[in-house]
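Undergrad: Below is a structure I'd like to ask you about.
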Amino acid sequence: MASEATLNARYEAHLSRVGRTVRASAIRQAGDLGAGIPDFISLAPGFPDASLFPWTEIRDIAAAALDGRDPTVLQYGQTRGYRPLLDALIQVLDARGIVSRVEELVVTTGSQQGLDLCARVLLDPGDVVLVERPAYTGGLTAFGNAQARLVAVSQDAEGVSLSELERAIAGERRAGHRVAALYIVPNFQNPTGLLTSRTRRLQLLEWAARREVLIVEDDPYGSLYFDDAASEADTRPLKADDREGWVIYLSSFSKTAAPGFRVAWIAGPEPIVNRLAIAKQSVDLCTGTLDQRVIFEIWKRGIIDRSVPRLRQAYALKRTAIEKALARELGDLVSWGSPRGGFFLWAAFPASIDVESLNRRCASKGVLYVPGSAFHVDARASQHARLAFSSHAVERLDVAIARLAEAVRETLSDPATGPGPASGSAAARGAPSAARSSG
Ligand SMILES: Cc1ncc(COP(=O)(O)O)c(C=O)c1O
């Protein structure tokens with residue numbers, strides 16, 4: 001039996017450039033680490049809480065759809081999507097301030113496919129995609145696997161930095177590079193949880209029109225704002241004010257219904273959406289027909305509209321729980337900006353802690369996170385960790401943070417990994433004060 005290395009070497013010559021360099025999702029890899037270990041609490045994957053899925057309604061809807069009376073339920077469907085769902089999407093978008101027509105929509109197999117289709121249709125190898133620093137890994141892999149040149153632009157408290165954007169685009173164009181798009185997640189960004197300000201959104205639209213650059217706006221979390229910290233108006237998509245057609249808007253039912261259905265959509269300028277739909281034909285012909293039916297029925301019966309306020313409450317409680325636990329256990333060491341919605345808390349550790357090796361120690365204690373480096377285009381070292389609080393019960397978050405804190409204490413007292421004698425206090429270690437942490 002040949003070794004894995006021998007087998008890999010044997011097939012290497014048969015792979016394309018993309019096949020040889022294809023990037024795996026760092027989150028998926030991190031998530032796999034704890035899989036199957038009893039009592040493991042992984043804060044790595046940004047999964048919704050499965051106990052919040054509308055199980056009973058889904059069971060009834062699926063059973064009715066599968067009663068055999070309508071053969072199209074299990075038939076191939078239109079690439080664009082199931083027509084009643086497309087019509088429903090017009091209403092969903094309208095509630096977010098976006099006016100759209102069916103011709104401007106395509107249903108995708110998750111927003112992840114939407115990102116991949118955008119990469120296929122917008123990019124040639126070597127073209128630039130401007131991304132946030134840090135950025136959602138699924139965007140980085142989709143654009144990276146299409147051989148994009150990923151150029152990261154820092155974020156400030158209001159969103160992606162305009163002055164840096166200006167510098168980046170000017171520099172890239174001067175160097176003769178084609179800038180294909182800016183990719184952003186303005187609502188409760190993955191991984192930072194950052195909510196882009198209204199002013200910055202309007203500035204970005206003005207920038208896109210002036211610089212003639214497409215914006216890929218990825219919005220899976222917009223309806224999951226926390227009522228005590230943000231409002232619907234704060235999450236108004238850029239697309240809603242996109243008078244000139246520079247925005248390609250992606251959204252998904254993964255976080256408001258269930259991700260197992262893989263039903264999401266793109267709304268964009270008709271000529272681009274036409275191309276995306278053609279590209280989709282060669283990827284999967286159509287998104288799962290049964291999945292679309294179930295999602296449509298859930299929407300039609302008002303189940304999504306009724307459950308979203310409950311989801312907001314449930315995720316806000318988890319946010320409060322993880323912040324309380326962090327403040328209690330690690331308040332003198334770790335800082336973060338309080339998430340105003342979504343699934344993630346972006347925790348900053350002092351310089352004396354190596355966030356990657358801390359994660360390995362955490363794994364031995366039954367907890368895990370995604371190190372910040374995973375969200376950087378150059379995998380640069382980071383003092384941050386993304387803690388996904390979305391899928392666990394409040395009590396489990398307490399246990400997870402207690403384990404994390406134990407790993408931190410061990411790291412600091414371990415002569416091999418600790419801060420050393422020169423830096424005794426938290427302040428000397430570069431730790432933010434508890435007052436600066438928002439927990
Ligand atoms: C910012 C962002 N975009 C896209 C996705 C993919 O979502 P979907 O399940 O619709 O493929 C995720 C999933 O976590 C995400 O966080």
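Residues in the structure tokens are named by chain (A, B, ... in the order shown) and by number from 1 within that chain; ligands are numbered from 1 in the order shown.
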List all protein, DNA and RNA residues that have at least one atom no more than 10 Å from any atom of ligand 1, counting only C-alpha atoms and all ligand atoms, and write them as a PDB file with C-alpha atoms, in the first residue's frame.
TA:
```
ATOM      1  CA  ILE A  27     -12.619  27.344  10.063  1.00  0.00           C
ATOM      2  CA  PRO A  45     -17.628  27.061  13.750  1.00  0.00           C
ATOM      3  CA  GLY A  46     -20.178  29.838  13.337  1.00  0.00           C
ATOM      4  CA  PHE A  47     -23.123  27.475  13.423  1.00  0.00           C
ATOM      5  CA  PRO A  48     -26.632  28.578  14.304  1.00  0.00           C
ATOM      6  CA  THR A 108     -27.691  29.939  -4.869  1.00  0.00           C
ATOM      7  CA  THR A 109     -26.688  26.818  -2.974  1.00  0.00           C
ATOM      8  CA  GLY A 110     -25.677  28.780   0.104  1.00  0.00           C
ATOM      9  CA  SER A 111     -24.051  32.183  -0.079  1.00  0.00           C
ATOM     10  CA  GLN A 112     -20.804  30.276  -0.254  1.00  0.00           C
ATOM     11  CA  GLN A 113     -21.768  29.262  -3.774  1.00  0.00           C
ATOM     12  CA  GLY A 114     -22.719  32.871  -4.429  1.00  0.00           C
ATOM     13  CA  LEU A 115     -19.185  33.922  -3.548  1.00  0.00           C
ATOM     14  CA  ALA A 135     -12.039  39.008   6.312  1.00  0.00           C
ATOM     15  CA  TYR A 136     -14.440  36.060   6.197  1.00  0.00           C
ATOM     16  CA  THR A 137     -12.380  32.991   5.314  1.00  0.00           C
ATOM     17  CA  GLY A 138     -15.016  31.652   2.898  1.00  0.00           C
ATOM     18  CA  GLY A 139     -14.635  34.834   0.837  1.00  0.00           C
ATOM     19  CA  ILE A 184     -17.381  43.328   2.448  1.00  0.00           C
ATOM     20  CA  VAL A 185     -19.639  42.016   5.218  1.00  0.00           C
ATOM     21  CA  PRO A 186     -21.140  45.240   6.648  1.00  0.00           C
ATOM     22  CA  ASN A 187     -23.541  43.627   9.135  1.00  0.00           C
ATOM     23  CA  PHE A 188     -21.899  41.982  12.170  1.00  0.00           C
ATOM     24  CA  GLN A 189     -18.897  40.995  10.181  1.00  0.00           C
ATOM     25  CA  ASN A 190     -17.449  37.549  10.312  1.00  0.00           C
ATOM     26  CA  PRO A 191     -15.028  37.480  12.208  1.00  0.00           C
ATOM     27  CA  GLU A 217     -21.939  42.842  -0.204  1.00  0.00           C
ATOM     28  CA  ASP A 218     -22.338  39.644   1.816  1.00  0.00           C
ATOM     29  CA  ASP A 219     -25.188  39.885   4.332  1.00  0.00           C
ATOM     30  CA  PRO A 220     -26.117  36.676   6.144  1.00  0.00           C
ATOM     31  CA  TYR A 221     -26.487  38.299   9.594  1.00  0.00           C
ATOM     32  CA  LEU A 250     -25.698  38.167  -1.250  1.00  0.00           C
ATOM     33  CA  SER A 251     -27.925  36.879   1.508  1.00  0.00           C
ATOM     34  CA  SER A 252     -28.957  33.535   2.889  1.00  0.00           C
ATOM     35  CA  PHE A 253     -31.556  31.564   4.832  1.00  0.00           C
ATOM     36  CA  SER A 254     -28.784  29.700   6.669  1.00  0.00           C
ATOM     37  CA  LYS A 255     -28.966  31.813   9.807  1.00  0.00           C
ATOM     38  CA  ALA A 258     -31.402  26.425   8.798  1.00  0.00           C
ATOM     39  CA  PRO A 259     -28.104  26.028   6.915  1.00  0.00           C
ATOM     40  CA  GLY A 260     -28.766  22.389   6.032  1.00  0.00           C
ATOM     41  CA  PHE A 261     -31.131  23.586   3.317  1.00  0.00           C
ATOM     42  CA  ARG A 262     -28.356  25.470   1.517  1.00  0.00           C
ATOM     43  CA  VAL A 263     -30.723  28.122   0.181  1.00  0.00           C
ATOM     44  CA  ALA A 264     -29.377  31.623  -0.408  1.00  0.00           C
ATOM     45  CA  TRP A 265     -29.556  34.218  -3.142  1.00  0.00           C
ATOM     46  CA  GLY A 342     -24.538  38.155  14.680  1.00  0.00           C
ATOM     47  CA  PHE A 343     -22.586  35.185  15.970  1.00  0.00           C
ATOM     48  CA  PHE A 344     -19.070  36.330  16.800  1.00  0.00           C
TER      49      PHE A 344
END
```
Undergrad: For Val355 of chain A, find every residue with an atom within 12 Å (counting only C-alpha atoms), except residues of its own chain fewer than 3 positions away, and show them as a short mmCIF file (atom, residue, chain, number, x, y, z; two decimals) with all heavy atoms, in the first residue's frame.
TA:
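out_30.cif written:
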```cif
data_model
loop_
_atom_site.label_atom_id
_atom_site.label_comp_id
_atom_site.auth_asym_id
_atom_site.auth_seq_id
_atom_site.Cartn_x
_atom_site.Cartn_y
_atom_site.Cartn_z
N VAL A 334 -8.10 40.18 28.40
CA VAL A 334 -8.67 40.09 27.05
C VAL A 334 -9.60 41.28 26.83
O VAL A 334 -10.32 41.68 27.74
CB VAL A 334 -9.45 38.76 26.91
CG1 VAL A 334 -10.20 38.69 25.60
CG2 VAL A 334 -8.50 37.57 27.03
N ALA A 347 -11.90 38.54 20.14
CA ALA A 347 -11.21 38.78 21.40
C ALA A 347 -9.73 39.07 21.14
O ALA A 347 -9.08 38.33 20.40
CB ALA A 347 -11.34 37.56 22.30
N ALA A 348 -9.23 40.14 21.77
CA ALA A 348 -7.81 40.50 21.62
C ALA A 348 -7.04 40.04 22.85
O ALA A 348 -7.41 40.36 23.98
CB ALA A 348 -7.68 42.01 21.46
N PHE A 349 -5.98 39.28 22.62
CA PHE A 349 -5.13 38.78 23.71
C PHE A 349 -3.86 39.62 23.79
O PHE A 349 -3.41 40.17 22.79
CB PHE A 349 -4.77 37.30 23.45
CG PHE A 349 -5.91 36.37 23.71
CD1 PHE A 349 -6.89 36.17 22.75
CD2 PHE A 349 -6.02 35.70 24.92
CE1 PHE A 349 -7.97 35.31 22.99
CE2 PHE A 349 -7.08 34.85 25.17
CZ PHE A 349 -8.05 34.66 24.21
N PRO A 350 -3.28 39.69 24.98
CA PRO A 350 -2.04 40.48 25.10
C PRO A 350 -0.89 39.86 24.30
O PRO A 350 -0.89 38.66 24.01
CB PRO A 350 -1.75 40.43 26.60
CG PRO A 350 -2.54 39.31 27.15
CD PRO A 350 -3.72 39.12 26.25
N ALA A 351 0.10 40.68 24.00
CA ALA A 351 1.20 40.26 23.14
C ALA A 351 1.99 39.09 23.72
O ALA A 351 2.63 38.34 22.98
CB ALA A 351 2.13 41.45 22.90
N SER A 352 1.89 38.91 25.03
CA SER A 352 2.66 37.81 25.65
C SER A 352 2.05 36.44 25.37
O SER A 352 2.65 35.42 25.70
CB SER A 352 2.71 38.04 27.15
OG SER A 352 1.39 38.19 27.64
N LEU A 358 -1.94 28.79 22.24
CA LEU A 358 -2.99 28.76 23.27
C LEU A 358 -4.16 27.89 22.79
O LEU A 358 -4.75 27.14 23.56
CB LEU A 358 -3.49 30.19 23.56
CG LEU A 358 -4.67 30.27 24.52
CD1 LEU A 358 -4.30 29.78 25.92
CD2 LEU A 358 -5.22 31.70 24.61
N ASN A 359 -4.45 27.97 21.51
CA ASN A 359 -5.57 27.17 20.99
C ASN A 359 -5.29 25.68 21.12
O ASN A 359 -6.19 24.90 21.42
CB ASN A 359 -5.83 27.54 19.52
CG ASN A 359 -7.27 27.29 19.11
OD1 ASN A 359 -8.18 27.33 19.95
ND2 ASN A 359 -7.50 27.04 17.83
N ARG A 360 -4.03 25.30 20.92
CA ARG A 360 -3.69 23.88 21.08
C ARG A 360 -3.86 23.46 22.55
O ARG A 360 -4.38 22.39 22.84
CB ARG A 360 -2.26 23.62 20.59
CG ARG A 360 -2.15 23.66 19.07
CD ARG A 360 -0.81 23.14 18.58
NE ARG A 360 0.28 24.08 18.85
CZ ARG A 360 0.58 25.13 18.09
NH1 ARG A 360 -0.13 25.37 17.00
NH2 ARG A 360 1.59 25.92 18.40
N ARG A 361 -3.46 24.34 23.45
CA ARG A 361 -3.65 24.02 24.87
C ARG A 361 -5.15 23.95 25.18
O ARG A 361 -5.62 23.10 25.93
CB ARG A 361 -2.99 25.09 25.74
CG ARG A 361 -2.69 24.60 27.15
CD ARG A 361 -2.12 25.71 28.00
NE ARG A 361 -0.74 26.04 27.75
CZ ARG A 361 0.29 25.58 28.44
NH1 ARG A 361 0.09 24.75 29.43
NH2 ARG A 361 1.52 25.97 28.16
N CYS A 362 -5.90 24.87 24.59
CA CYS A 362 -7.36 24.86 24.77
C CYS A 362 -7.95 23.53 24.33
O CYS A 362 -8.81 22.96 25.01
CB CYS A 362 -8.00 25.98 23.95
SG CYS A 362 -7.91 27.59 24.74
N LEU A 368 -12.19 25.26 21.93
CA LEU A 368 -11.44 25.63 20.73
C LEU A 368 -12.01 26.91 20.16
O LEU A 368 -13.20 27.19 20.33
CB LEU A 368 -11.64 24.51 19.70
CG LEU A 368 -10.60 24.32 18.62
CD1 LEU A 368 -9.28 23.85 19.23
CD2 LEU A 368 -11.09 23.27 17.63
N TYR A 369 -11.18 27.68 19.49
CA TYR A 369 -11.64 28.87 18.78
C TYR A 369 -10.93 28.93 17.44
O TYR A 369 -10.14 28.02 17.11
CB TYR A 369 -11.37 30.13 19.61
CG TYR A 369 -9.93 30.29 20.08
CD1 TYR A 369 -8.92 30.69 19.21
CD2 TYR A 369 -9.59 30.01 21.41
CE1 TYR A 369 -7.61 30.82 19.64
CE2 TYR A 369 -8.27 30.14 21.84
CZ TYR A 369 -7.28 30.54 20.95
OH TYR A 369 -5.99 30.66 21.37
N VAL A 370 -11.16 29.96 16.66
CA VAL A 370 -10.40 30.13 15.42
C VAL A 370 -9.39 31.26 15.64
O VAL A 370 -9.79 32.39 15.93
CB VAL A 370 -11.29 30.47 14.20
CG1 VAL A 370 -10.44 30.51 12.93
CG2 VAL A 370 -12.41 29.47 14.04
N PRO A 371 -8.10 30.96 15.52
CA PRO A 371 -7.09 32.02 15.67
C PRO A 371 -7.26 33.08 14.59
O PRO A 371 -7.61 32.77 13.45
CB PRO A 371 -5.76 31.28 15.50
CG PRO A 371 -6.06 29.83 15.69
CD PRO A 371 -7.50 29.65 15.27
N GLY A 372 -6.98 34.33 14.96
CA GLY A 372 -7.18 35.44 14.05
C GLY A 372 -6.43 35.33 12.73
O GLY A 372 -6.87 35.85 11.70
N SER A 373 -5.31 34.63 12.74
CA SER A 373 -4.50 34.52 11.51
C SER A 373 -5.30 33.93 10.35
O SER A 373 -5.04 34.24 9.19
CB SER A 373 -3.26 33.66 11.77
OG SER A 373 -3.66 32.42 12.29
N ALA A 374 -6.30 33.09 10.67
CA ALA A 374 -7.10 32.45 9.61
C ALA A 374 -7.84 33.47 8.76
O ALA A 374 -8.22 33.18 7.63
CB ALA A 374 -8.11 31.50 10.24
N ARG A 380 -1.05 36.18 8.45
CA ARG A 380 -0.13 36.81 9.40
C ARG A 380 -0.55 36.55 10.84
O ARG A 380 -1.73 36.35 11.12
CB ARG A 380 -0.06 38.32 9.14
CG ARG A 380 -1.37 39.01 9.43
CD ARG A 380 -1.23 40.47 9.63
NE ARG A 380 -0.85 41.16 8.39
CZ ARG A 380 -0.72 42.47 8.29
NH1 ARG A 380 -0.91 43.22 9.34
NH2 ARG A 380 -0.39 43.03 7.15
N ALA A 381 0.45 36.53 11.71
CA ALA A 381 0.17 36.27 13.12
C ALA A 381 -0.81 37.32 13.63
O ALA A 381 -0.82 38.46 13.17
CB ALA A 381 1.46 36.31 13.91
N SER A 382 -1.66 36.92 14.55
CA SER A 382 -2.69 37.82 15.05
C SER A 382 -2.82 37.61 16.55
O SER A 382 -2.62 36.50 17.06
CB SER A 382 -4.01 37.50 14.35
OG SER A 382 -5.09 38.04 15.06
N GLN A 383 -3.15 38.65 17.26
CA GLN A 383 -3.40 38.54 18.71
C GLN A 383 -4.88 38.32 18.98
O GLN A 383 -5.32 38.38 20.12
CB GLN A 383 -2.92 39.81 19.42
CG GLN A 383 -1.41 39.90 19.56
CD GLN A 383 -0.79 38.63 20.09
OE1 GLN A 383 0.00 37.98 19.39
NE2 GLN A 383 -1.14 38.22 21.30
N HIS A 384 -5.65 38.05 17.93
CA HIS A 384 -7.09 37.89 18.09
C HIS A 384 -7.53 36.42 18.00
O HIS A 384 -6.86 35.60 17.37
CB HIS A 384 -7.84 38.69 17.03
CG HIS A 384 -7.84 40.16 17.31
ND1 HIS A 384 -6.87 40.99 16.82
CD2 HIS A 384 -8.69 40.93 18.04
CE1 HIS A 384 -7.12 42.23 17.23
NE2 HIS A 384 -8.22 42.22 17.97
N ALA A 385 -8.69 36.16 18.58
CA ALA A 385 -9.35 34.87 18.41
C ALA A 385 -10.81 35.14 18.12
O ALA A 385 -11.40 36.04 18.71
CB ALA A 385 -9.23 34.06 19.69
N ARG A 386 -11.37 34.38 17.18
CA ARG A 386 -12.81 34.51 16.93
C ARG A 386 -13.54 33.48 17.79
O ARG A 386 -13.33 32.28 17.65
CB ARG A 386 -13.14 34.27 15.46
CG ARG A 386 -14.59 34.65 15.14
CD ARG A 386 -15.05 34.11 13.81
NE ARG A 386 -15.33 32.69 13.86
CZ ARG A 386 -15.86 31.98 12.87
NH1 ARG A 386 -16.16 32.58 11.72
NH2 ARG A 386 -16.08 30.69 13.00
N LEU A 404 -11.10 28.06 28.70
CA LEU A 404 -10.18 28.98 28.02
C LEU A 404 -9.32 29.71 29.05
O LEU A 404 -8.10 29.84 28.89
CB LEU A 404 -11.01 29.97 27.17
CG LEU A 404 -10.28 31.17 26.59
CD1 LEU A 404 -9.22 30.74 25.58
CD2 LEU A 404 -11.27 32.12 25.89
N ALA A 407 -6.62 27.58 30.40
CA ALA A 407 -5.51 27.45 29.43
C ALA A 407 -4.66 28.72 29.43
O ALA A 407 -3.43 28.65 29.34
CB ALA A 407 -6.08 27.17 28.03
N VAL A 408 -5.29 29.87 29.55
CA VAL A 408 -4.54 31.13 29.58
C VAL A 408 -3.66 31.17 30.82
O VAL A 408 -2.46 31.48 30.75
CB VAL A 408 -5.50 32.34 29.55
CG1 VAL A 408 -4.75 33.64 29.85
CG2 VAL A 408 -6.20 32.45 28.20
N THR A 411 -0.74 28.93 30.46
CA THR A 411 0.21 29.48 29.48
C THR A 411 1.07 30.55 30.14
O THR A 411 2.29 30.58 29.96
CB THR A 411 -0.56 30.11 28.30
OG1 THR A 411 -1.31 29.08 27.67
CG2 THR A 411 0.36 30.74 27.28
N THR A 417 6.19 29.17 27.99
CA THR A 417 5.29 30.01 27.20
C THR A 417 4.90 31.30 27.90
O THR A 417 4.31 32.19 27.28
CB THR A 417 3.98 29.25 26.88
OG1 THR A 417 3.42 28.80 28.09
CG2 THR A 417 4.22 28.09 25.95
#
```
Undergrad: Can you tell me which residues surround Val213 of chain A at a distance of at most 10 Å, considering only C-alpha atoms, apart from same-chain residues fewer than 2 positions away, and format the answer as an MDAnalysis selection string?
TA: chainID A and resid 169 178:182 205 207:211 215:216 246:247
Undergrad: Find the residues around Ile58 of chain A up to 9 Å (only C-alpha atoms counted), leave out those fewer than 5 positions away in its own chain, and share them as a PyMOL selection string.
TA: chain A and resi 53+63+294-295+297-298
Undergrad: Give me, as a list in words, the residues of segment 23-197 of chain A that a backbone DSSP run labels strand (DSSP E).
TA: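 Answer for segment 23-197 of chain A restricted to strand (DSSP E) is Ile41, Ser42, Leu105, Val106, Val107, Thr108, Val128, Val129, Leu130, Val131, Glu132, Arg133, Arg149, Leu150, Val151, Ala152, Val153, Ser154, Gln155, Asp156, Gly159, Val160, Val179, Ala180, Ala181, Leu182, Tyr183 and Ile184 of chain A.
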Undergrad: I'd like to know which residues of segment 42-172 of chain A are alpha helix (DSSP H) (by DSSP, run on the backbone); could you write them as a VMD selection string?
TA: chain A and resid 55 to 65 83 to 95 110 to 122 137 to 145 162 to 172
Undergrad: Looking at only C-alpha atoms, which of A:Tyr249, A:Tyr82, A:Phe40, A:Phe226 is the one that sits closest to Val99 of chain A?
TA: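 Distance minimum relative to Val99 of chain A lands on A:Tyr249.
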Undergrad: Expressed in Å to a single decimal, how great is the separation between atom CA of Glu244 of chain A and atom CA of Leu214 of chain A?
TA: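 One can read the atom CA of Glu244 of chain A to atom CA of Leu214 of chain A distance as 10.6 Å.
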Undergrad: Would you kindly return, as a CSV table (one decimal) with all heavy atoms, in the first residue's frame, each protein, DNA or RNA residue with an atom no farther than 12 Å from any atom of Ser154 of chain A, considering only C-alpha atoms and excluding same-chain residues fewer than 4 positions away?
TA:
```
chain,number,residue,atom,x,y,z
A,130,LEU,N,-10.3,43.5,-3.3
A,130,LEU,CA,-10.0,44.2,-2.1
A,130,LEU,C,-10.9,43.6,-1.0
A,130,LEU,O,-12.1,43.3,-1.2
A,130,LEU,CB,-10.4,45.7,-2.2
A,130,LEU,CG,-9.6,46.4,-3.3
A,130,LEU,CD1,-10.3,47.8,-3.6
A,130,LEU,CD2,-8.2,46.6,-2.9
A,131,VAL,N,-10.3,43.2,0.1
A,131,VAL,CA,-11.0,42.5,1.2
A,131,VAL,C,-10.8,43.2,2.5
A,131,VAL,O,-9.8,43.9,2.6
A,131,VAL,CB,-10.6,41.0,1.3
A,131,VAL,CG1,-10.9,40.2,0.0
A,131,VAL,CG2,-9.1,40.9,1.6
A,132,GLU,N,-11.6,43.0,3.4
A,132,GLU,CA,-11.4,43.6,4.8
A,132,GLU,C,-10.3,42.8,5.5
A,132,GLU,O,-10.0,41.7,5.3
A,132,GLU,CB,-12.7,43.4,5.6
A,132,GLU,CG,-13.9,44.2,5.0
A,132,GLU,CD,-15.2,43.7,5.5
A,132,GLU,OE1,-15.5,42.5,5.4
A,132,GLU,OE2,-16.0,44.5,5.9
A,133,ARG,N,-9.6,43.6,6.3
A,133,ARG,CA,-8.6,43.0,7.2
A,133,ARG,C,-9.1,43.1,8.7
A,133,ARG,O,-9.1,44.2,9.2
A,133,ARG,CB,-7.3,43.7,7.1
A,133,ARG,CG,-6.1,43.0,7.8
A,133,ARG,CD,-4.9,43.8,8.1
A,133,ARG,NE,-4.7,45.0,7.4
A,133,ARG,CZ,-3.8,45.2,6.4
A,133,ARG,NH1,-3.0,44.2,6.0
A,133,ARG,NH2,-3.6,46.3,5.8
A,134,PRO,N,-9.5,42.0,9.3
A,134,PRO,CA,-9.6,40.6,8.8
A,134,PRO,C,-10.9,40.4,7.9
A,134,PRO,O,-11.8,41.2,8.0
A,134,PRO,CB,-9.7,39.8,10.1
A,134,PRO,CG,-10.4,40.8,11.0
A,134,PRO,CD,-10.0,42.2,10.7
A,135,ALA,N,-10.9,39.3,7.2
A,135,ALA,CA,-12.0,39.0,6.3
A,135,ALA,C,-12.6,37.6,6.5
A,135,ALA,O,-11.8,36.7,7.1
A,135,ALA,CB,-11.6,39.1,4.9
A,158,GLU,N,-15.8,52.3,12.2
A,158,GLU,CA,-17.0,52.5,11.4
A,158,GLU,C,-17.1,51.5,10.2
A,158,GLU,O,-18.1,51.4,9.5
A,158,GLU,CB,-17.0,53.9,10.8
A,158,GLU,CG,-17.2,54.9,11.9
A,158,GLU,CD,-17.8,56.2,11.3
A,158,GLU,OE1,-18.7,56.1,10.5
A,158,GLU,OE2,-17.2,57.2,11.6
A,159,GLY,N,-16.1,50.7,10.0
A,159,GLY,CA,-16.1,49.8,8.8
A,159,GLY,C,-14.7,49.9,8.1
A,159,GLY,O,-13.7,50.3,8.6
A,160,VAL,N,-14.8,49.4,6.8
A,160,VAL,CA,-13.5,49.4,6.1
A,160,VAL,C,-13.0,50.8,5.8
A,160,VAL,O,-13.8,51.7,5.6
A,160,VAL,CB,-13.7,48.6,4.8
A,160,VAL,CG1,-14.6,49.3,3.8
A,160,VAL,CG2,-12.4,48.2,4.1
A,161,SER,N,-11.7,51.0,6.0
A,161,SER,CA,-11.1,52.4,6.0
A,161,SER,C,-11.1,53.0,4.6
A,161,SER,O,-10.6,52.4,3.6
A,161,SER,CB,-9.7,52.3,6.5
A,161,SER,OG,-9.0,53.4,6.1
A,162,LEU,N,-11.7,54.1,4.4
A,162,LEU,CA,-11.8,54.8,3.1
A,162,LEU,C,-10.5,55.2,2.6
A,162,LEU,O,-10.1,55.1,1.4
A,162,LEU,CB,-12.8,56.0,3.2
A,162,LEU,CG,-14.2,55.6,2.9
A,162,LEU,CD1,-15.1,56.9,3.1
A,162,LEU,CD2,-14.4,55.1,1.5
A,163,SER,N,-9.7,55.8,3.5
A,163,SER,CA,-8.4,56.3,3.1
A,163,SER,C,-7.5,55.1,2.6
A,163,SER,O,-6.8,55.2,1.6
A,163,SER,CB,-7.7,57.1,4.2
A,163,SER,OG,-7.6,56.3,5.4
A,164,GLU,N,-7.6,54.0,3.3
A,164,GLU,CA,-6.8,52.8,2.9
A,164,GLU,C,-7.3,52.3,1.6
A,164,GLU,O,-6.6,51.8,0.8
A,164,GLU,CB,-6.8,51.8,4.0
A,164,GLU,CG,-5.7,51.9,4.9
A,164,GLU,CD,-5.3,50.5,5.5
A,164,GLU,OE1,-5.3,49.5,4.8
A,164,GLU,OE2,-4.9,50.5,6.7
A,165,LEU,N,-8.6,52.3,1.4
A,165,LEU,CA,-9.2,51.8,0.2
A,165,LEU,C,-8.7,52.7,-1.0
A,165,LEU,O,-8.3,52.1,-2.0
A,165,LEU,CB,-10.7,52.0,0.2
A,165,LEU,CG,-11.6,50.9,0.5
A,165,LEU,CD1,-13.1,51.3,0.4
A,165,LEU,CD2,-11.3,49.7,-0.3
A,166,GLU,N,-8.7,54.0,-0.8
A,166,GLU,CA,-8.2,54.9,-1.8
A,166,GLU,C,-6.8,54.6,-2.2
A,166,GLU,O,-6.4,54.5,-3.3
A,166,GLU,CB,-8.3,56.3,-1.3
A,166,GLU,CG,-9.6,57.0,-1.6
A,166,GLU,CD,-9.9,57.1,-3.1
A,166,GLU,OE1,-9.1,57.7,-3.9
A,166,GLU,OE2,-10.9,56.5,-3.5
A,167,ARG,N,-6.0,54.4,-1.1
A,167,ARG,CA,-4.5,54.1,-1.3
A,167,ARG,C,-4.4,52.8,-2.1
A,167,ARG,O,-3.6,52.7,-3.0
A,167,ARG,CB,-3.8,54.0,0.0
A,167,ARG,CG,-2.9,55.2,0.3
A,167,ARG,CD,-1.8,54.9,1.3
A,167,ARG,NE,-2.3,54.3,2.6
A,167,ARG,CZ,-2.9,54.9,3.5
A,167,ARG,NH1,-3.1,56.2,3.5
A,167,ARG,NH2,-3.3,54.3,4.6
A,168,ALA,N,-5.2,51.8,-1.7
A,168,ALA,CA,-5.0,50.5,-2.3
A,168,ALA,C,-5.4,50.5,-3.7
A,168,ALA,O,-4.7,50.0,-4.6
A,168,ALA,CB,-5.9,49.5,-1.5
A,184,ILE,N,-17.2,42.9,1.1
A,184,ILE,CA,-17.4,43.3,2.4
A,184,ILE,C,-18.6,42.6,3.1
A,184,ILE,O,-19.5,42.2,2.4
A,184,ILE,CB,-17.6,44.9,2.6
A,184,ILE,CG1,-18.7,45.3,1.6
A,184,ILE,CG2,-16.3,45.6,2.4
A,184,ILE,CD1,-19.1,46.8,1.8
A,192,THR,N,-15.2,39.8,13.0
A,192,THR,CA,-15.1,40.8,14.1
A,192,THR,C,-16.4,41.2,14.7
A,192,THR,O,-16.4,41.8,15.8
A,192,THR,CB,-14.5,42.1,13.5
A,192,THR,OG1,-15.3,42.6,12.5
A,192,THR,CG2,-13.1,41.9,13.0
A,376,HIS,N,-6.7,36.4,7.8
A,376,HIS,CA,-5.8,37.4,7.1
A,376,HIS,C,-5.3,36.8,5.8
A,376,HIS,O,-5.0,35.6,5.7
A,376,HIS,CB,-4.6,37.7,8.0
A,376,HIS,CG,-4.9,38.6,9.2
A,376,HIS,ND1,-5.1,39.9,9.0
A,376,HIS,CD2,-5.2,38.3,10.5
A,376,HIS,CE1,-5.5,40.4,10.2
A,376,HIS,NE2,-5.5,39.5,11.1
A,377,VAL,N,-5.2,37.6,4.8
A,377,VAL,CA,-4.9,37.1,3.5
A,377,VAL,C,-3.5,36.5,3.5
A,377,VAL,O,-3.3,35.5,2.7
A,377,VAL,CB,-5.0,38.2,2.4
A,377,VAL,CG1,-6.4,38.8,2.2
A,377,VAL,CG2,-4.0,39.4,2.7
```
Undergrad: Between atom CA of Gly268 of chain A and atom CA of Ala152 of chain A, what is the distance in Å, rounded to a tenth?
TA: 23.7 Å
Undergrad: Write out as a list of chain:residue names the residues lying within 12 Å of Thr199 of chain A, counting only C-alpha atoms and excluding same-chain residues fewer than 2 positions away.
TA: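 Returned residues: A:Ala157, A:Glu158, A:Gly159, A:Val160, A:Leu162, A:Pro186, A:Leu195, A:Thr196, A:Ser197, A:Arg201, A:Leu202, A:Gln203, A:Leu204, A:Leu205, A:Glu206, A:Asp234, A:Thr235, A:Arg236, A:Leu238, A:Asp241.
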